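Everything below belongs to data-v7.cif, which stores mmCIF, C-alpha atoms.
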data_upload
#
loop_
_atom_site.label_atom_id
_atom_site.label_comp_id
_atom_site.auth_asym_id
_atom_site.auth_seq_id
_atom_site.Cartn_x
_atom_site.Cartn_y
_atom_site.Cartn_z
CA MET O 30 0.00 0.00 0.00
CA THR O 31 1.34 3.43 -0.99
CA ASP O 32 0.16 6.81 0.25
CA VAL O 33 -0.25 9.60 -2.28
CA ALA O 34 0.69 12.91 -0.69
CA PHE O 35 -0.43 16.41 -1.63
CA PRO O 36 2.62 17.77 -3.51
CA ARG O 37 5.08 20.02 -1.66
CA VAL O 38 4.73 23.34 -3.43
CA SER O 39 6.29 25.72 -0.90
CA GLU O 40 9.75 25.40 0.65
CA ASN O 41 9.27 28.45 2.85
CA ASP O 42 5.86 27.66 4.29
CA PRO O 43 5.56 24.11 5.65
CA ASP O 44 1.85 24.69 6.32
CA ALA O 45 1.08 25.75 2.75
CA GLU O 46 -2.39 24.65 1.65
CA GLY O 47 -4.01 24.03 -1.68
CA VAL O 48 -7.13 22.64 -3.27
CA LEU O 49 -7.66 19.22 -4.80
CA ALA O 50 -8.84 20.57 -8.15
CA THR O 51 -9.48 17.49 -10.32
CA TRP O 52 -9.43 13.74 -9.91
CA PHE O 53 -8.55 12.08 -13.21
CA ALA O 54 -9.17 8.62 -11.79
CA GLY O 55 -11.97 7.51 -9.49
CA ASP O 56 -12.18 5.55 -6.26
CA GLY O 57 -11.57 1.88 -7.04
CA ASP O 58 -9.93 2.51 -10.41
CA ARG O 59 -6.84 0.58 -11.34
CA VAL O 60 -3.95 2.92 -12.14
CA GLY O 61 -0.45 2.39 -13.52
CA GLU O 62 2.71 3.92 -12.07
CA GLY O 63 3.17 7.40 -13.50
CA ASP O 64 -0.46 7.78 -14.64
CA LEU O 65 -1.91 11.23 -14.11
CA ILE O 66 -4.35 10.81 -11.23
CA ALA O 67 -4.95 14.35 -9.95
CA GLU O 68 -4.30 18.02 -10.35
CA VAL O 69 -3.99 20.36 -7.38
CA ALA O 70 -4.06 24.14 -7.30
CA VAL O 71 -2.04 26.31 -4.90
CA ASP O 72 -2.70 30.01 -5.32
CA LYS O 73 -2.53 30.27 -9.10
CA VAL O 74 -0.14 27.36 -9.66
CA ASP O 75 -1.49 24.01 -10.86
CA VAL O 76 0.51 20.87 -10.12
CA GLU O 77 -0.08 17.43 -11.58
CA VAL O 78 0.00 14.36 -9.34
CA PRO O 79 1.19 11.12 -10.98
CA ALA O 80 0.54 7.73 -9.40
CA PRO O 81 3.64 6.74 -7.36
CA ALA O 82 2.84 3.04 -7.83
CA ALA O 83 0.51 0.72 -9.70
CA GLY O 84 -2.62 -0.60 -8.02
CA VAL O 85 -6.17 0.22 -7.03
CA LEU O 86 -6.80 3.84 -6.13
CA ARG O 87 -8.67 4.78 -2.93
CA LEU O 88 -9.52 8.48 -2.67
CA LEU O 89 -9.18 10.16 0.73
CA VAL O 90 -10.32 13.69 -0.22
CA GLN O 91 -12.96 15.06 -2.56
CA GLU O 92 -12.56 17.62 -5.33
CA GLY O 93 -12.67 21.13 -3.91
CA GLU O 94 -11.28 20.15 -0.50
CA VAL O 95 -8.47 22.21 1.02
CA VAL O 96 -5.42 20.09 1.94
CA LYS O 97 -2.09 20.90 3.62
CA GLN O 98 0.95 19.98 1.53
CA GLY O 99 2.41 16.58 2.38
CA GLU O 100 -0.87 15.21 3.74
CA PRO O 101 -2.29 12.07 2.12
CA ILE O 102 -4.91 12.55 -0.59
CA ALA O 103 -5.21 8.91 -1.69
CA ARG O 104 -3.92 5.39 -1.15
CA ILE O 105 -2.86 2.89 -3.78
CA GLU O 106 -3.55 -0.72 -2.75
CA MET M 3 -18.96 5.46 -19.74
CA THR M 4 -17.07 7.15 -16.92
CA LEU M 5 -14.76 5.23 -14.66
CA THR M 6 -16.65 6.04 -11.53
CA ASP M 7 -19.92 4.63 -12.92
CA ALA M 8 -18.34 1.23 -13.41
CA SER M 9 -16.19 1.11 -10.33
CA ALA M 10 -18.82 0.52 -7.67
CA SER M 11 -17.96 -3.08 -6.89
CA SER M 12 -14.51 -3.92 -8.19
CA ALA M 13 -11.47 -2.36 -9.80
CA THR M 14 -11.84 -1.31 -13.42
CA PRO M 15 -9.11 -1.65 -16.03
CA THR M 16 -6.78 1.25 -16.73
CA THR M 17 -8.51 3.95 -18.75
CA ARG M 18 -6.80 7.23 -18.93
CA LYS M 19 -8.72 10.53 -18.54
CA LEU M 20 -7.55 14.02 -19.44
CA THR M 21 -8.90 17.55 -19.43
CA THR M 22 -9.61 19.11 -22.80
CA ALA M 23 -6.54 21.35 -22.38
CA LYS M 24 -4.23 18.40 -21.69
CA ALA M 25 -5.72 16.47 -24.61
CA MET M 26 -5.00 19.41 -26.92
CA VAL M 27 -1.40 19.64 -25.68
CA GLU M 28 -0.95 15.89 -26.12
CA ALA M 29 -2.05 16.08 -29.76
CA ILE M 30 0.30 18.99 -30.47
CA ALA M 31 3.21 17.19 -28.78
CA GLN M 32 2.58 13.95 -30.67
CA GLU M 33 2.47 15.81 -33.98
CA MET M 34 5.68 17.69 -33.08
CA GLU M 35 7.34 14.35 -32.33
CA ARG M 36 6.11 12.92 -35.60
CA ASP M 37 6.96 15.86 -37.88
CA ASP M 38 9.88 18.27 -37.40
CA ASP M 39 8.06 20.88 -39.50
CA VAL M 40 5.38 21.39 -36.84
CA PHE M 41 6.03 24.31 -34.49
CA VAL M 42 4.06 26.61 -32.16
CA LEU M 43 4.06 30.38 -31.89
CA GLY M 44 1.98 33.05 -30.20
CA GLU M 45 1.67 35.20 -27.11
CA ASP M 46 2.57 33.39 -23.87
CA VAL M 47 2.63 29.96 -25.50
CA GLY M 48 6.13 29.24 -24.14
CA ALA M 49 7.08 29.82 -20.52
CA TYR M 50 3.48 30.52 -19.48
CA GLY M 51 2.13 27.48 -21.34
CA GLY M 52 -0.80 29.32 -22.91
CA ILE M 53 -3.08 31.43 -20.75
CA PHE M 54 -5.72 28.68 -21.09
CA SER M 55 -3.15 25.87 -20.78
CA SER M 56 -3.28 24.98 -24.48
CA THR M 57 0.53 24.68 -24.77
CA THR M 58 1.63 23.72 -21.23
CA GLY M 59 4.98 21.91 -21.11
CA LEU M 60 5.78 22.20 -24.81
CA LEU M 61 8.64 24.67 -24.32
CA ASP M 62 10.42 22.35 -21.87
CA ARG M 63 9.98 19.44 -24.23
CA PHE M 64 10.77 20.99 -27.59
CA GLY M 65 12.78 24.12 -26.80
CA PRO M 66 12.50 27.76 -27.88
CA LYS M 67 13.16 27.14 -31.57
CA ARG M 68 9.91 25.20 -31.93
CA VAL M 69 7.83 26.90 -29.23
CA ILE M 70 8.14 30.62 -29.83
CA ASP M 71 6.86 33.39 -27.57
CA THR M 72 6.06 36.36 -29.77
CA PRO M 73 5.70 40.08 -29.11
CA ILE M 74 2.17 41.47 -28.88
CA SER M 75 1.57 42.03 -32.56
CA GLU M 76 -0.99 39.58 -33.86
CA THR M 77 -0.68 40.78 -37.42
CA ALA M 78 3.10 40.22 -37.32
CA PHE M 79 3.16 36.75 -35.80
CA ILE M 80 0.15 35.42 -37.71
CA GLY M 81 1.72 36.85 -40.86
CA ALA M 82 4.97 35.09 -39.92
CA ALA M 83 3.04 31.83 -39.51
CA VAL M 84 1.39 32.26 -42.92
CA GLY M 85 4.83 32.84 -44.46
CA ALA M 86 6.26 29.77 -42.72
CA ALA M 87 3.35 27.64 -43.94
CA VAL M 88 3.77 28.89 -47.51
CA GLU M 89 7.45 27.86 -47.28
CA GLY M 90 6.50 24.34 -46.21
CA LEU M 91 6.46 24.37 -42.41
CA ARG M 92 3.33 23.47 -40.42
CA PRO M 93 2.80 26.23 -37.82
CA ILE M 94 0.28 26.17 -34.99
CA VAL M 95 -0.30 29.83 -34.17
CA GLU M 96 -2.39 30.98 -31.21
CA LEU M 97 -4.52 34.09 -31.22
CA MET M 98 -4.97 34.51 -27.46
CA PHE M 99 -8.64 35.56 -27.60
CA VAL M 100 -10.73 35.35 -30.77
CA ASP M 101 -12.02 38.81 -29.86
CA PHE M 102 -8.63 40.21 -30.96
CA PHE M 103 -9.11 39.10 -34.57
CA GLY M 104 -9.72 42.69 -35.60
CA VAL M 105 -6.03 43.57 -35.45
CA CYS M 106 -4.93 40.64 -37.66
CA MET M 107 -7.86 39.87 -39.95
CA ASP M 108 -6.05 40.95 -43.11
CA GLN M 109 -3.45 38.23 -42.53
CA ILE M 110 -6.22 35.72 -41.81
CA TYR M 111 -8.79 36.26 -44.53
CA ASN M 112 -6.82 38.04 -47.27
CA HIS M 113 -3.65 35.94 -46.99
CA MET M 114 -4.05 32.71 -45.00
CA ALA M 115 -7.47 31.96 -46.54
CA LYS M 116 -6.82 33.15 -50.12
CA ILE M 117 -3.24 32.19 -51.04
CA HIS M 118 -4.24 28.71 -52.17
CA PHE M 119 -6.99 30.15 -54.41
CA GLU M 120 -4.95 33.04 -55.76
CA SER M 121 -1.99 30.81 -56.63
CA GLY M 122 -4.25 28.62 -58.71
CA GLY M 123 -3.85 25.83 -56.18
CA ASN M 124 -0.05 25.87 -56.45
CA VAL M 125 0.72 27.14 -52.95
CA LYS M 126 -0.59 25.42 -49.82
CA VAL M 127 -1.04 27.02 -46.40
CA PRO M 128 -0.96 24.14 -43.87
CA LEU M 129 -1.50 26.27 -40.79
CA VAL M 130 -3.56 25.82 -37.62
CA LEU M 131 -4.87 29.01 -36.05
CA THR M 132 -5.92 28.22 -32.46
CA THR M 133 -7.95 30.68 -30.45
CA ALA M 134 -9.89 30.85 -27.18
CA VAL M 135 -13.59 31.69 -27.33
CA GLY M 136 -16.64 32.00 -25.14
CA GLY M 137 -18.00 33.71 -22.06
CA GLY M 138 -19.59 32.92 -18.75
CA TYR M 139 -16.89 34.19 -16.41
CA SER M 140 -17.34 37.99 -16.48
CA ASP M 141 -14.55 38.88 -18.87
CA GLY M 142 -16.53 41.55 -20.66
CA ALA M 143 -17.54 42.32 -24.22
CA GLN M 144 -14.01 42.13 -25.70
CA HIS M 145 -13.01 38.77 -24.17
CA SER M 146 -16.18 36.66 -24.23
CA GLN M 147 -17.28 36.23 -27.83
CA CYS M 148 -17.38 33.05 -29.92
CA LEU M 149 -17.31 34.54 -33.45
CA TRP M 150 -16.92 31.14 -35.15
CA GLY M 151 -19.67 32.14 -37.54
CA THR M 152 -17.51 35.02 -38.77
CA PHE M 153 -14.66 32.69 -39.76
CA ALA M 154 -17.06 30.12 -41.23
CA HIS M 155 -18.67 32.86 -43.33
CA LEU M 156 -15.40 33.70 -45.09
CA PRO M 157 -14.34 31.12 -47.69
CA GLY M 158 -10.93 29.48 -47.67
CA MET M 159 -10.48 28.09 -44.18
CA LYS M 160 -11.75 25.07 -42.31
CA VAL M 161 -13.31 25.79 -38.92
CA VAL M 162 -13.38 23.24 -36.09
CA VAL M 163 -14.80 23.58 -32.57
CA PRO M 164 -14.15 20.68 -30.16
CA SER M 165 -16.44 20.22 -27.15
CA ASN M 166 -14.63 17.47 -25.22
CA PRO M 167 -11.15 16.07 -24.50
CA ALA M 168 -11.17 13.23 -27.03
CA ASP M 169 -12.38 15.46 -29.86
CA ALA M 170 -9.90 18.16 -28.86
CA LYS M 171 -7.09 15.68 -29.44
CA GLY M 172 -8.56 14.13 -32.57
CA LEU M 173 -9.45 17.40 -34.26
CA MET M 174 -6.05 18.90 -33.44
CA THR M 175 -4.28 15.92 -35.01
CA ALA M 176 -6.47 16.23 -38.11
CA ALA M 177 -5.94 20.00 -38.27
CA VAL M 178 -2.14 19.76 -38.11
CA ARG M 179 -2.10 17.14 -40.88
CA ASP M 180 -4.51 19.07 -43.12
CA ASP M 181 -2.92 20.98 -45.98
CA ASN M 182 -5.54 23.73 -45.66
CA PRO M 183 -5.61 26.49 -43.06
CA VAL M 184 -7.73 25.33 -40.12
CA VAL M 185 -9.16 27.63 -37.47
CA TYR M 186 -9.41 25.69 -34.19
CA LEU M 187 -11.64 27.46 -31.65
CA PHE M 188 -11.60 26.16 -28.08
CA HIS M 189 -14.09 27.38 -25.47
CA LYS M 190 -12.46 28.38 -22.18
CA GLY M 191 -15.31 26.63 -20.36
CA VAL M 192 -14.53 23.19 -21.83
CA MET M 193 -10.79 23.19 -21.11
CA GLY M 194 -11.06 21.77 -17.57
CA LEU M 195 -9.02 24.55 -16.00
CA PRO M 196 -8.84 24.45 -12.18
CA TRP M 197 -9.53 28.17 -11.95
CA MET M 198 -12.68 28.16 -14.11
CA ALA M 199 -16.16 26.94 -13.14
CA LYS M 200 -16.13 23.20 -12.55
CA ASN M 201 -17.45 21.27 -15.55
CA ARG M 202 -17.62 17.48 -15.28
CA ARG M 203 -17.75 17.07 -19.06
CA SER M 204 -14.37 18.79 -19.48
CA VAL M 205 -12.57 15.69 -18.16
CA GLY M 206 -12.93 12.46 -20.08
CA PRO M 207 -11.28 9.40 -21.59
CA VAL M 208 -8.79 10.16 -24.37
CA PRO M 209 -7.10 7.53 -26.59
CA GLU M 210 -3.38 7.41 -25.77
CA GLY M 211 -1.87 6.82 -29.19
CA GLU M 212 -2.66 8.38 -32.52
CA HIS M 213 -6.22 9.71 -32.52
CA VAL M 214 -7.76 11.47 -35.52
CA VAL M 215 -11.29 12.90 -35.67
CA PRO M 216 -12.08 13.64 -39.32
CA ILE M 217 -12.84 17.30 -39.99
CA GLY M 218 -16.38 17.73 -41.31
CA LYS M 219 -18.09 14.94 -39.41
CA ALA M 220 -20.67 15.78 -36.76
CA ASN M 221 -21.25 13.49 -33.80
CA VAL M 222 -24.62 12.37 -32.45
CA VAL M 223 -23.59 12.51 -28.80
CA ARG M 224 -27.01 11.50 -27.51
CA PRO M 225 -29.61 9.67 -29.59
CA GLY M 226 -33.23 10.70 -29.13
CA SER M 227 -36.58 10.69 -30.90
CA ASP M 228 -38.48 13.91 -30.08
CA VAL M 229 -36.23 16.91 -30.79
CA THR M 230 -32.91 17.37 -32.59
CA VAL M 231 -30.68 19.82 -30.73
CA VAL M 232 -27.89 20.90 -33.08
CA THR M 233 -25.13 22.61 -31.15
CA LEU M 234 -21.39 22.88 -30.54
CA SER M 235 -18.70 23.60 -27.95
CA LEU M 236 -19.79 24.35 -24.36
CA SER M 237 -23.44 24.37 -25.41
CA VAL M 238 -23.15 20.62 -26.09
CA HIS M 239 -22.58 20.16 -22.36
CA HIS M 240 -25.64 22.27 -21.50
CA ALA M 241 -27.76 20.44 -24.10
CA LEU M 242 -26.74 17.06 -22.66
CA ASP M 243 -27.57 18.26 -19.14
CA VAL M 244 -31.02 19.40 -20.31
CA ALA M 245 -31.58 16.16 -22.23
CA GLU M 246 -30.79 14.11 -19.11
CA GLU M 247 -33.09 16.29 -17.04
CA LEU M 248 -36.04 16.07 -19.47
CA ALA M 249 -35.76 12.35 -20.21
CA PRO M 250 -37.72 11.26 -17.10
CA GLN M 251 -40.51 13.66 -18.19
CA GLY M 252 -40.80 11.75 -21.45
CA VAL M 253 -39.03 14.29 -23.68
CA ASP M 254 -36.31 12.51 -25.64
CA CYS M 255 -33.68 14.90 -27.08
CA GLU M 256 -31.15 13.96 -29.71
CA VAL M 257 -28.00 16.07 -29.33
CA VAL M 258 -25.80 16.66 -32.38
CA ASP M 259 -22.32 18.04 -31.72
CA LEU M 260 -21.27 19.71 -34.98
CA ARG M 261 -17.50 19.59 -34.19
CA SER M 262 -16.81 21.30 -37.55
CA LEU M 263 -18.51 24.33 -39.08
CA VAL M 264 -16.49 24.17 -42.31
CA PRO M 265 -17.13 21.73 -43.79
CA LEU M 266 -20.60 21.45 -42.23
CA ASP M 267 -22.03 17.94 -41.90
CA THR M 268 -25.45 18.74 -43.35
CA ASP M 269 -26.29 15.07 -43.92
CA THR M 270 -26.12 14.18 -40.23
CA ILE M 271 -28.38 17.13 -39.38
CA LEU M 272 -30.93 16.18 -42.04
CA GLU M 273 -30.89 12.52 -41.04
CA SER M 274 -31.61 13.47 -37.43
CA VAL M 275 -34.30 16.05 -38.21
CA GLY M 276 -35.86 13.51 -40.57
CA ARG M 277 -36.44 11.23 -37.58
CA THR M 278 -37.45 13.79 -34.94
CA GLY M 279 -39.27 16.39 -37.08
CA ARG M 280 -38.21 19.13 -34.68
CA LEU M 281 -35.04 21.27 -34.76
CA LEU M 282 -33.50 23.47 -32.11
CA VAL M 283 -30.15 25.14 -32.82
CA VAL M 284 -28.17 26.24 -29.77
CA ASP M 285 -25.29 28.61 -30.52
CA GLU M 286 -23.19 30.80 -28.22
CA ASP M 287 -22.42 33.10 -31.16
CA TYR M 288 -24.65 36.04 -32.07
CA LEU M 289 -28.15 35.23 -33.32
CA SER M 290 -28.37 37.13 -36.58
CA PHE M 291 -26.58 36.36 -39.87
CA GLY M 292 -24.75 33.39 -38.40
CA LEU M 293 -24.53 29.65 -37.70
CA SER M 294 -28.06 29.17 -36.33
CA GLY M 295 -29.66 30.71 -39.42
CA GLU M 296 -27.34 28.71 -41.70
CA ILE M 297 -28.35 25.38 -40.15
CA ILE M 298 -32.05 26.15 -40.50
CA ALA M 299 -31.55 27.39 -44.07
CA ARG M 300 -29.83 24.15 -45.06
CA VAL M 301 -32.72 22.08 -43.72
CA ALA M 302 -35.25 24.35 -45.45
CA GLU M 303 -33.33 24.21 -48.75
CA ARG M 304 -33.01 20.45 -48.81
CA ASP M 305 -36.41 19.46 -47.47
CA PRO M 306 -38.66 21.88 -45.55
CA GLY M 307 -41.16 19.03 -45.19
CA LEU M 308 -38.93 17.41 -42.56
CA LEU M 309 -40.04 19.92 -39.95
CA ARG M 310 -43.26 19.21 -38.05
CA ALA M 311 -42.86 22.46 -36.09
CA PRO M 312 -41.08 25.71 -36.96
CA ALA M 313 -37.35 25.48 -36.24
CA ALA M 314 -36.17 27.28 -33.12
CA ARG M 315 -32.89 28.77 -31.98
CA VAL M 316 -31.23 29.78 -28.73
CA ALA M 317 -28.28 32.10 -29.29
CA VAL M 318 -26.79 35.33 -27.99
CA PRO M 319 -29.18 38.15 -28.89
CA ASP M 320 -27.52 40.85 -30.98
CA VAL M 321 -25.88 42.71 -28.10
CA PRO M 322 -22.28 42.81 -26.82
CA ILE M 323 -21.70 40.29 -24.00
CA PRO M 324 -22.27 42.17 -20.71
CA TYR M 325 -19.70 42.11 -17.91
CA ALA M 326 -22.20 41.96 -15.03
CA ARG M 327 -22.81 38.31 -14.21
CA PRO M 328 -26.65 38.37 -14.14
CA LEU M 329 -26.76 40.31 -17.42
CA GLU M 330 -24.18 38.02 -19.03
CA TYR M 331 -26.19 34.94 -18.10
CA ALA M 332 -29.33 36.62 -19.43
CA VAL M 333 -27.83 36.58 -22.95
CA LEU M 334 -25.84 33.30 -22.91
CA PRO M 335 -27.53 30.07 -24.11
CA THR M 336 -28.01 28.71 -20.59
CA PRO M 337 -29.55 25.32 -19.75
CA ASP M 338 -32.66 27.19 -18.62
CA ARG M 339 -33.13 28.84 -22.04
CA ILE M 340 -32.44 25.53 -23.80
CA ARG M 341 -34.96 23.69 -21.61
CA ARG M 342 -37.69 26.25 -22.31
CA ALA M 343 -37.03 26.10 -26.05
CA VAL M 344 -37.19 22.29 -26.10
CA LEU M 345 -40.44 22.28 -24.14
CA ASP M 346 -41.94 24.91 -26.46
CA LEU M 347 -40.98 22.78 -29.48
CA VAL M 348 -42.64 19.62 -28.20
CA GLY M 349 -45.67 21.59 -27.02
CA ALA M 350 -45.24 20.41 -23.44
#
Full structure transcribed into structure tokens:
Amino acid sequence: MTDVAFPRVSENDPDAEGVLATWFAGDGDRVGEGDLIAEVAVDKVDVEVPAPAAGVLRLLVQEGEVVKQGEPIARIE
Amino acid sequence: MTLTDASASSATPTTRKLTTAKAMVEAIAQEMERDDDVFVLGEDVGAYGGIFSSTTGLLDRFGPKRVIDTPISETAFIGAAVGAAVEGLRPIVELMFVDFFGVCMDQIYNHMAKIHFESGGNVKVPLVLTTAVGGGYSDGAQHSQCLWGTFAHLPGMKVVVPSNPADAKGLMTAAVRDDNPVVYLFHKGVMGLPWMAKNRRSVGPVPEGEHVVPIGKANVVRPGSDVTVVTLSLSVHHALDVAEELAPQGVDCEVVDLRSLVPLDTDTILESVGRTGRLLVVDEDYLSFGLSGEIIARVAERDPGLLRAPAARVAVPDVPIPYARPLEYAVLPTPDRIRRAVLDLVGA
């Protein structure tokens, strides 16, 4: 099992937050390593989140939710 | 069709989804890989990645010789693209907002669109002119127009308008490979941008390898028996939403996504209207002297007997797009206006 963390987008502010903008794969979907699974937005910067491993995706946050960088947004089983 | 619909009980196989913007970029990148003559130029297409993310990542991948940020002179850089195309390259040139066409129209309709004709067919202009269109986000009268009818009115260029990620990729591939100038108009509201209003239909499955959607072929995106809704771009999404909403009430809408204005797939429209007997055209361009009238004229010319009720249209009335949100939404072809027009047509 692999956690998928909200990307680190700020070096200076460890508590930086952003929004889970788009899920490109759904809960229970099978994903391959490197597949685009999400896009997050921090201020006006968008960052893509690739799958760190292959497996079945379990979403931990919904689109539109505010998340602190480094916190888990999904698990891959 | 979507992954989430099928994933209730067990894991589904890998199917890759993209936003419309990412699908467009993927098509451009694949064509640049395939053909060294393909290159991109325009305002903010390089380091910024396109203000509507239509060229994100291309500069890093292909470098500044093939992804060129230009100064703010549309007539100069579109003219440069026309010259490059005439000399055998295959430029993709972005006009940031279609509303700015006024400062470069001579290059577009007197040069890009006419060189093939005026050279007696000896000189080709294989150019793709991409441009952002559409309103709904309070950007005012000079940044919210569609204007595809204006380009379609002038002979000499193909005009394509994708509504979804897969078509955005397929039409871009076809446009780059076409030896004619192609105007490729993408609505900001279908791009799937995180900072625009959320739109579930702007993210969808996209074939990973080569994907070509032929220019000039409409797509029946929802079959139905009561009313034919002929539309394009973001209005396809609204029409599908209305069709889903009215289905339980017993009103069955067929939704035709034109995808191309030039050439226009008249046969698909006639075939559909022949079955339903009722025609509604939904167009985010201005009402008069444009696409909606053209569609109805083509049906009337070929067979006016197909229509059981007078044809109807929902378009932007002949006023500039207002900035104020309530006024803007009063003129846009909203789901509410589409629903009322459909119900009027079926006499419900």
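Taken over the whole file, the PyMOL selection byres ((chain O and resi 70) around 8) covers exactly Gly47, Val48, Leu49, Ala50, Glu68, Val69, Val71, Asp72, Lys73, Val74, Asp75 and Val76 of chain O; Pro196 of chain M.
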Since I can't run it myself right now, could you work out what the PyMOL selection byres ((chain O) within 7 of (chain M)) selects here and report it as a list in words?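 This file, filtered by the PyMOL selection byres ((chain O) within 7 of (chain M)), leaves Ala50, Phe53, Gly55, Asp56, Gly57, Asp58, Arg59, Val60, Ala70 and Val85 of chain O.
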Since I can't run it myself right now, could you work out what the PyMOL selection byres ((chain M and resi 178) around 12) selects here and report it as a PyMOL selection string? chain M and resi 26+29-34+36-37+39-42+87+91-95+127-132+160+162+171-177+179-186+214-217
Using all atoms listed in the file, the best pick from M:Ala302, M:Val100, M:Leu60, M:Val257 as closest to Phe188 (chain M) would be M:Val100
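Closest approach to Met107 (chain M) among M:Ile80, M:Val125, M:Val27, M:Leu282: M:Ile80, based on all atoms listed in the file.
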Using all atoms listed in the file, which residues sit within 9 Å of Gly99 (chain O) once same-chain residues fewer than 3 positions away are excluded, as a PDB file with C-alpha atoms, in the frame of the given file?
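Dumped to result-v8.pdb:
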ATOM      1  CA  VAL O  33      -0.250   9.600  -2.280  1.00  0.00           C
ATOM      2  CA  ALA O  34       0.690  12.910  -0.690  1.00  0.00           C
ATOM      3  CA  PHE O  35      -0.430  16.410  -1.630  1.00  0.00           C
ATOM      4  CA  PRO O  36       2.620  17.770  -3.510  1.00  0.00           C
ATOM      5  CA  ARG O  37       5.080  20.020  -1.660  1.00  0.00           C
ATOM      6  CA  PRO O  43       5.560  24.110   5.650  1.00  0.00           C
ATOM      7  CA  VAL O  96      -5.420  20.090   1.940  1.00  0.00           C
ATOM      8  CA  ILE O 102      -4.910  12.550  -0.590  1.00  0.00           C
TER       9      ILE O 102
END
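Among the candidates M:Asp243, M:Glu256, M:Asp305, M:Glu286, the one nearest to Asp338 (chain M) when counting all atoms listed in the file is M:Asp243.
For the atom pair formed by CA of Thr270 (chain M) and CA of Lys219 (chain M), the distance is 8.1 Å, given to one decimal.
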Practice task
For CA of Tyr331 (chain M) and CA of Ser294 (chain M), quote the distance in Å rounded to one decimal.
Solution key: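 Pair CA of Tyr331 (chain M) / CA of Ser294 (chain M) returns 19.2 Å.
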- Message: Need to verify the contact set: Ala49 (chain M), 12 Å, only C-alpha atoms, exclusion of same-chain residues closer than 2 positions in sequence. Can you return it as a list in words?
- Response: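 Listed by chain and then number, they are Leu43, Gly44, Glu45, Asp46, Val47, Gly51, Gly52, Ile53, Ser55, Thr57, Thr58, Gly59, Leu60, Leu61, Asp62, Arg63, Phe64, Gly65, Pro66, Val69, Ile70, Asp71 and Thr72 of chain M.
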d(CA of Ile323 (chain M), CA of Tyr139 (chain M)) in Å =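 Rounded to one decimal, the two atoms are 10.9 Å apart.
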key: Contacts of Asp254 (chain M) within 8 Å, only C-alpha atoms, excl. fewer than 5 positions in-chain, as a PyMOL selection string   = chain M and resi 226-229+245+248-249
Can you list, as a list in words, every protein, DNA or RNA residue that comes within 9 Å of Ala314 (chain M) when you count all atoms listed in the file, leaving out same-chain residues fewer than 6 positions away?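 Contacts, in chain order: Arg280, Leu281, Leu282, Val283, Val284, Ser294, Ile298, Ala343, Val344 and Leu347 of chain M.
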